[in-house]
Amino acid sequence: MKDFRRQCELFSRVTPCGRSLCPTLFFCFGLIVVPSWCLSASRLESDETSISYSKDIRPILSDNCFHCHGPDPSTREADLRLDLWDSENESGANSVITSGEPETSELINRIFSEDAYEQMPPEESGKSLTEEQKLLLKKWVQEGAAYEKHWAFEAPVRPVVPSVSDESWVSNPIDAFVLARLESEGLQPSPAAKPLALLRRLSLDLTGLPPTIEEIDQFQQQETEHAYEFALDRLLASPHFGEKWAREWLDAARYADSDGYEKDLPREVWMYRDWVINALNKDMPYDQFIVEQIAGDLLPKPTQSKQIATGFMRNSMTNREGGIDPEQFRMEAMFDRMDAIGKSVLGLTLQCAQCHTHKYDPLTHTDYYRLFAFINNCDEAEIAVYTKEQERQRQQVFQKMEEIESELKRKNPDWKSKMAQWEESLTEHDSKWIIVTPDVDSSGGQKHYLLEDGSILAQGYAPPTQNSDFKAQVDLPKITGIRLELLNDPNLPRGGPGRSSTGLCALSEFKVSAEQKDNPQEKVELKFSHATANVNPEKQEVLNNKDGDSKEVKAIGPIALAIDNDESTSWGIDVGPGRSNVPREAVFTLEKPLECNSLTQITFSLKQSHKDKQSEPLHTFNLGRFRFSVTSASDPAANPIPKSVREVLRIPINERTAKQVDQVFGYWRTTVPTWKEANSGIEAAWKQYPEGESQLVLHEREQARKTCRLDRGSFLSPAEEVSPGVPGFLHPMEFDSPDRLDFARWLADPRSPTTARVLVNRIWQSFFGMGLVETSDDFGLQGTPPTHAELLDWLAVELMENNWRQKHIHRLIATSSTYRQQSVTTASLKRRDPSNHLLARGPRIRLDAEIVRDVALSASGLLNRTLGGPSIFPPAPEFLFVPPASYEVKPWPYVDGEEQYRRSLYVFRFRSVPHPVLETFDAPSGNVSCVRRSRSNTPLQALTTLNEPLFIDCARALAERALELETQSDRERLTYAFRRCLSRLPHEEELAALLEFLNQQKNAFSQSSSDKTQLVGTKMDQSGTSRVSLDPAKFAAWTAVSRVLLNLDETVTKE
Amino acid sequence: MNCQSQITQNIPPRTLARRWFLKECGIGLGSIALGQLAGISAARASTDPIAPKQPQFTPKAKNIIFLFMAGAPSHLELFDFKPDLVEFDGSLPPPELLTGYRAAFIKPNSKLMGPKFKFGKHGTCGAEISELLPHLAQVADDITIVRSMTTDAFNHAPAQLQMSTGSQQFGKPSLGSWTLYGLGSECNNLPGFVVFNTGKKGPSAGSANWGSGYLPPVYQGAPFRTVGDPVLYLSNPPGISRELQRDSLDVINNLNQRHFEEFGDPEIEARIRSFEMAYQMQATAPEATDLAQEPQHILDLYGAEPGARSFANSCLLARRLVERGVRFVEIFHEAWDQHGELVKDIQQNCLDTDRAAAALVTDLKQRGLLEDTLVIWGGEFGRTPMVEGDNDDGRDHHPNAFTMWMAGGGTAPGLTYGETDSLGFNVVRDKVHVRDLHATILQLLGLDHSRLTYKSQGLDQRLTGVEEAHVIKGILA
């Protein structure tokens, strides 16, 4: 055995150790609570069960020892690891522990030592063991010091359902696990909640909305035992189920509608949000849910829906700040994706291994980058996607074109031979061009990458004005023309070739100058005689109105505008949706050929002076990917034939597929003069083609990107190359050269020790406010141990054996007696188990931000239940979206109308300027993945529900609902309004207090002249009737009392 | 004495609420000695995460006012005079300086550009300060100039996040949040961490600069405005008088109290308290932010005008808020990104900020508040000694060296600390990394940066991260 003592002495002198990682907090800190269920004195006192390494010992070792004696070699001291019993390369725990003999175990001696040099953990580490922990360790060594694998790293197996004394309480196995624990603690479950309380709880849990009056009435009319089941069925089938549960996953998916960082520009990703809602409503099996989101694009039939699913990965932020290195922020996005997968799917703190080997979990630095390698081979793509309606429209366009083309073919049976004749008449254009490879211009904020084919890809910040010079050495005796090609690239919006939000671009001016190598002083600007292009849209004037008052007119049109010495006019490529995102070319013919007697340096100058052309908020119209060529051929001109058709033409006629033949036909017909009518018919059809929506998706690269381990996580310090692979402590992967799809399937493999557990735990967390594992993002060694480990495993197995259907778990939980307990916190329970870890009562939790707002909308009857679609802009303080509150002006097109009353999950989410109502109630901003929201209780929340305009709107509407009631009795009206908020009937005292307040306010308002109209406003109600037709004083008083109801703690709480 | 024992005594809610508020959450806790606090609000402390807390050791500073000069001011025009840069104006920088150097907009190998303004020595300490800052020059003996700041990022959003949260990554708590977490707030009727935005635009990365990250959200900064409602939704809606608000709160609290008695959930008590605090805030926040209450000579000192949206107003408000026990005030003035038009814009920025920043130091000092209020001035990085643009009138982002100044709160007055090389490119003496600055700030607050931790993602996280950070002893008084 090594001399542990000497080594430790050495290290305690040499290293200051992790003083940084001191868990001790100062006085009266209500935040770090030692979980009451956790070990504690009872573990020592009770002799019945032996001490468990996983439950009792490892948490102590992990917290206090593993930092210096754990998996990470870079901070390991004395070559000792306590996370392993024996180790090949280092000293394992067996070098300092003798099973059954605490007296001769170095570890025990050291932790009990009072000698500062000997004592472990050393004082300067900031760690210390309590007497209890020391005794526990000693007892554990006495009992044999059994090591176990960490519970969460072994796949769950279905545990035996425990027997309990009160079997009548057990509705399903969940209750047996919970009750067994309660009985062992000498506790009893709480009585069942009242039926209406349960209905409200269940409705909020499953749909995020309180029950309507009709639903309450229906529930009360049914027989009690069936009523709950009916409600459960109805709620599980409700389309609002998907909305409620999507919001939870969207937190994990760090969903937002803007791209973050400085500019934080709007981005179109709502189709992904709707994908999540639909998947949950359909109860898509969770394994499929994961596979589609991580690798839907690689599945056999990558439908639009499967591609949209990969938006999960693309929800990472994008820095569009000027002067960034795009690769740096691509890497940041990659780290973010790893973090999101770690937290949401694996329940592991993967990002701890981004810079070094994990300090606690057996995840090496290399493991991290091997996982990283799976997802590192993607382009950051943005594609056009279509709603159902748009898709129908597209198909109509295709059908119309197909009809016209078929008709042409039918009427011209010899079309094939004519087309072949045409093809023979074509001259080869492409071979005359020599591609030149320039130096990339690195100034001006936009970054340029030179690609292998000599083209240049523009990335990073897209300035509104970008003038770039590209210099190239050309060795050609004569130059007659210059070609500028615009090319597609998956990294451009809709594949480009431009950088606008729909992949368009425009070129203000194109200039070329030349200097001979032997005479560099003489730089001559080359004059063009004319220019040709294979796209020449009609000239169109656009108003440049960034500030609203600018009257500067700009124009986009044919290629001539790129050489007219007028930077306010540009060559454009927009020929309408559906066919603008294709390669284009322009050829600039020199007035007189450039004769070169030596190597010539040519400078290609692109002037892109767009400002905010077309009020484009997202990007400017800069070229996205382009390439320069030169020729010495006479009369150079742009090839009118589209690039895709040219590629088909290179294939011998008899080897072409039917689709390829159609492609050629599609172009050829436009050249046939007598087919003018048919051609205009097709042109007209194109006009009907929908613009569609955009969606960020993954796109696998053809050429694999190299992945290296990054020293300290810095992309500037690549170390050795790594291949894709999975960490050894998790389940294996049996593929030779696995790709991202294999990785996705591996994540959702039933053998995965954490995947199913993490999901059922998160569902549990949503129902009960806290997971069975409280750290729902961390099932590793530093995570909190499960309160009910067997229940967690039982649920995980249950999920997998039921085809990963989530609604099955929802149903089990909802029908358990555990869930249906009342949520009263008795004095003894508050003392015994303040956080309700043992589940001796039902959950009582402040609702999530979105639901707080949705409850007000629903109770007031204003709620607009429309599902899905683009995000909405409810009222918000305008100043938030303009400087200096916001970095730049952010669009917030609020329109007073039905849209503002839609559910909060549809509220547009700017990451840097979250909607204040949602932010105040702790909605995460989407900057990082979040699987467990914090819940605060602040005065700013009170100000929000009391004073925010939409909440006042809700108070007015609730007052109207009450006043509409066909009754003269205020009691009945109040009861009705009360039920709309809280479902239950008011107690007599509550009613009395509210009635007194109402009468008080009626008096007050009838005496004051101005207040009431201010409060009730002059707004029209939904049917267009003025609300003022109601007696203003009465209406105002009812609005005041409605506002009280909407502000009750119970209204914003699930209980 | 705690809220619950009173509440259960069947006192009419309005009386109760008012009495409770005065006793339990009384205004002016800031005037009570720290030592007494623990005893007085033990009840509050056990349930309220922003109740005042004892520092870990005797603090020098109780409050912080951080003047965040976002966009990154040029140290070369303001604080760090370089005769060599004058001499080598127009020549290329020594190539060895540029090894591994990344620039945002310029080619690193751009010509050097001499400082555009004159410098003079000021105060008895002889601090070298640019002619652009005549007011600051007058308080030279009260401030500590740190010329040896350095950071890691050279783009605004990550660098501002690093200054604000210690990390270039999102999701981390801000300095103000850590302060509130460590010390709580001595003020119940105003947020403990208040943020102003006064520049040309908001800071890069927006609210993440004052976010609470993985700390509970109660610690995040509350944006205040100098025009309109200082706090969002502070005013009652049209038609709701203060009396009706009071009556409404009474019935809300009454019903909540009744419900608490049935359900026993402490969250309901906390809700009652939140509503009462909100009601108080509706009175105190407008009062606290009413600059019309200030005498003319004080308004003149700052250059403040009631009702204006200005840096000067925010500085004066910062003082008023600190007087009322607000722990941390941060003013973001994003205006300093002078890639071009350096001369014109930096002059304007100094006109906009110099008088008020100096006035803040003077005013705090004359009120005896500077002793325990730490004022910090600075941006997220510096500017390149190399020129940007063709007009000889701009500088690019430069993380290697920049200048900040501090005043009060236990910093050594009249000191200039640290040194850059003869071109102002790299720090050559007494380097202060952002995390060293953070460690020092916490130290002044009586908090050990290595012991102020919060468990998240399995780790005891801290503001200064995992890299070594040092308290800059050289700048402590």
# chains A, B, ... in the order shown; residues from 1 in each chain; ligands from 1
>>> select_by_dssp(residues="range 152-284 of chain B", states="strand (DSSP E or B)", output="PyMOL selection string")
chain B and resi 193-197+201+222-223
>>> residues_around(residues="range 439-446 of chain A", least_positions_apart="3", cutoff="9 Å", atoms="only C-alpha atoms", output="list in words")
Glu321, Gly322, Gly323, Ile324, Tyr449, Leu450, Ile456, Ala458, Gln459, Gly460, Tyr461, Ala462, Pro463, Gln466, Asn467, Ser468, Asp469, Phe470, Lys471 and Ala472 of chain A; Ala104, Phe105, Ile106 and Lys107 of chain B
>>> residues_around(residues="Asn802 in chain A", least_positions_apart="3", cutoff="12 Å", atoms="only C-alpha atoms", output="list in words")
Asp283, Met284, Pro285, Tyr286, Asp287, Pro750, Ala756, Leu795, Ala796, Val797, Glu798, Leu799, Arg805, Gln806, Lys807, His808, Ile809 and Leu812 of chain A
>>> atom_distance(atom1="CA of Ala1036 in chain A", atom2="CA of Val1052 in chain A")
23.0 Å
>>> closest_residue(among="B:Ala439, B:Leu301, B:Ala270, B:Ala357", to="chain A", atoms="only C-alpha atoms")
B:Ala270
>>> atom_distance(atom1="CA of Leu863 in chain A", atom2="CA of Tyr901 in chain A")
5.2 Å
>>> closest_atom_pairs(of="chain B", to="chain A", cutoff="7 Å", atoms="only C-alpha atoms", output="CSV")
residue,atom,partner,partner_atom,distance
B:Ala45,CA,A:Cys28,CA,6.8
B:Ser46,CA,A:Gly30,CA,5.5
B:Thr47,CA,A:Gly30,CA,6.6
B:Pro49,CA,A:Gly30,CA,6.7
B:Gln56,CA,A:Phe26,CA,6.7
B:Ala104,CA,A:Gly323,CA,4.0
B:Phe105,CA,A:Gly323,CA,4.8
B:Ile106,CA,A:Ser443,CA,5.6
B:Lys107,CA,A:Ser443,CA,6.6
B:Asn155,CA,A:Ile324,CA,6.4
B:Ala157,CA,A:Glu262,CA,5.4
B:Phe170,CA,A:Asn927,CA,6.2
B:Gly171,CA,A:Val928,CA,6.0
B:Asn197,CA,A:Pro884,CA,5.6
B:Thr198,CA,A:Pro884,CA,5.9
B:Gly199,CA,A:Pro884,CA,5.8
B:Lys200,CA,A:Pro884,CA,5.7
B:Lys201,CA,A:Pro884,CA,3.7
B:Gly202,CA,A:Tyr887,CA,4.1
B:Pro203,CA,A:Tyr887,CA,5.9
B:Ser204,CA,A:Glu262,CA,4.0
B:Ala205,CA,A:Tyr261,CA,4.4
B:Gly206,CA,A:Ser912,CA,4.3
B:Ser207,CA,A:Ser912,CA,5.4
B:Ala208,CA,A:Ser912,CA,6.8
B:Pro216,CA,A:Ser934,CA,6.0
B:Pro217,CA,A:Ser936,CA,6.2
B:Val218,CA,A:Ser936,CA,5.9
B:Tyr233,CA,A:Asn947,CA,5.5
B:Leu234,CA,A:Leu943,CA,6.2
B:Asn236,CA,A:Asn947,CA,5.6
B:Pro237,CA,A:Asn947,CA,5.5
B:Pro238,CA,A:Gln1014,CA,5.3
B:Gly239,CA,A:Asp1011,CA,4.0
B:Ile240,CA,A:Leu1015,CA,6.7
B:Ser248,CA,A:Val1044,CA,6.1
B:Val251,CA,A:Ala993,CA,6.8
B:Ile252,CA,A:Val1044,CA,5.9
B:Leu255,CA,A:Glu990,CA,6.5
B:Asn256,CA,A:Asp1049,CA,6.2
B:Phe263,CA,A:Val824,CA,4.4
B:Gly264,CA,A:Thr825,CA,5.0
B:Asp265,CA,A:Thr825,CA,5.9
B:Ile268,CA,A:Asp1049,CA,6.5
B:Ala270,CA,A:Asn937,CA,6.8
B:Arg271,CA,A:Asn937,CA,6.4
B:Ser274,CA,A:Pro939,CA,4.3
B:Phe275,CA,A:Ala942,CA,5.4
B:Met277,CA,A:Pro939,CA,5.6
B:Ala278,CA,A:Pro939,CA,4.5
B:Ser450,CA,A:Ser20,CA,4.2
B:Arg451,CA,A:Cys22,CA,5.7
B:Thr453,CA,A:Pro23,CA,6.8
B:Gln457,CA,A:Thr349,CA,6.1
B:Gly458,CA,A:Gln782,CA,4.6
B:Asp460,CA,A:Leu21,CA,5.4
>>> atom_distance(atom1="CA of Ser314 in chain B", atom2="CA of Leu447 in chain B")
27.2 Å
>>> residues_around(residues="range 662-668 of chain A", least_positions_apart="5", cutoff="9 Å", atoms="only C-alpha atoms", output="JSON, numbers by chain")
{"A": [405, 415, 416, 419, 422, 423, 641, 642, 644, 645, 646, 648, 649, 657]}
>>> residues_around(residues="Ser570 in chain A", least_positions_apart="5", cutoff="6 Å", atoms="only C-alpha atoms", output="ChimeraX atom specification")
/A:506-508,556,561-562
>>> select_by_dssp(residues="range 269-469 of chain B", states="alpha helix (DSSP H)", output="number ranges by chain")
B: 269-288, 296-302, 311-323, 342-366, 434-444
>>> residues_around(residues="range 378-393 of chain B", least_positions_apart="3", cutoff="7 Å", atoms="only C-alpha atoms", output="ChimeraX atom specification")
/B:67-75,106,110-113,151,159-160,163,339-343,396-399,401-405,423-425
>>> residues_around(residues="range 726-738 of chain A", least_positions_apart="6", cutoff="9 Å", atoms="only C-alpha atoms", output="CSV table (one decimal) with C-alpha atoms, in the first residue's frame")
chain,number,residue,atom,x,y,z
A,153,PHE,CA,-25.9,4.6,-14.2
A,154,GLU,CA,-27.6,1.2,-14.1
A,155,ALA,CA,-30.6,0.7,-16.3
A,362,PRO,CA,-17.1,9.3,-14.7
A,363,LEU,CA,-17.2,11.4,-17.8
A,364,THR,CA,-13.9,12.2,-19.3
A,366,THR,CA,-12.5,13.0,-24.3
A,367,ASP,CA,-15.9,11.4,-23.7
A,368,TYR,CA,-17.4,14.9,-24.0
A,370,ARG,CA,-16.7,12.0,-28.6
A,371,LEU,CA,-20.4,12.8,-28.0
A,374,PHE,CA,-21.9,13.1,-33.3
A,746,TRP,CA,-28.8,5.5,-28.6
A,749,ASP,CA,-32.5,3.3,-26.2
A,751,ARG,CA,-31.0,0.3,-22.1
A,752,SER,CA,-30.2,3.9,-21.4
A,753,PRO,CA,-30.0,4.1,-17.6
A,754,THR,CA,-31.2,7.7,-17.4
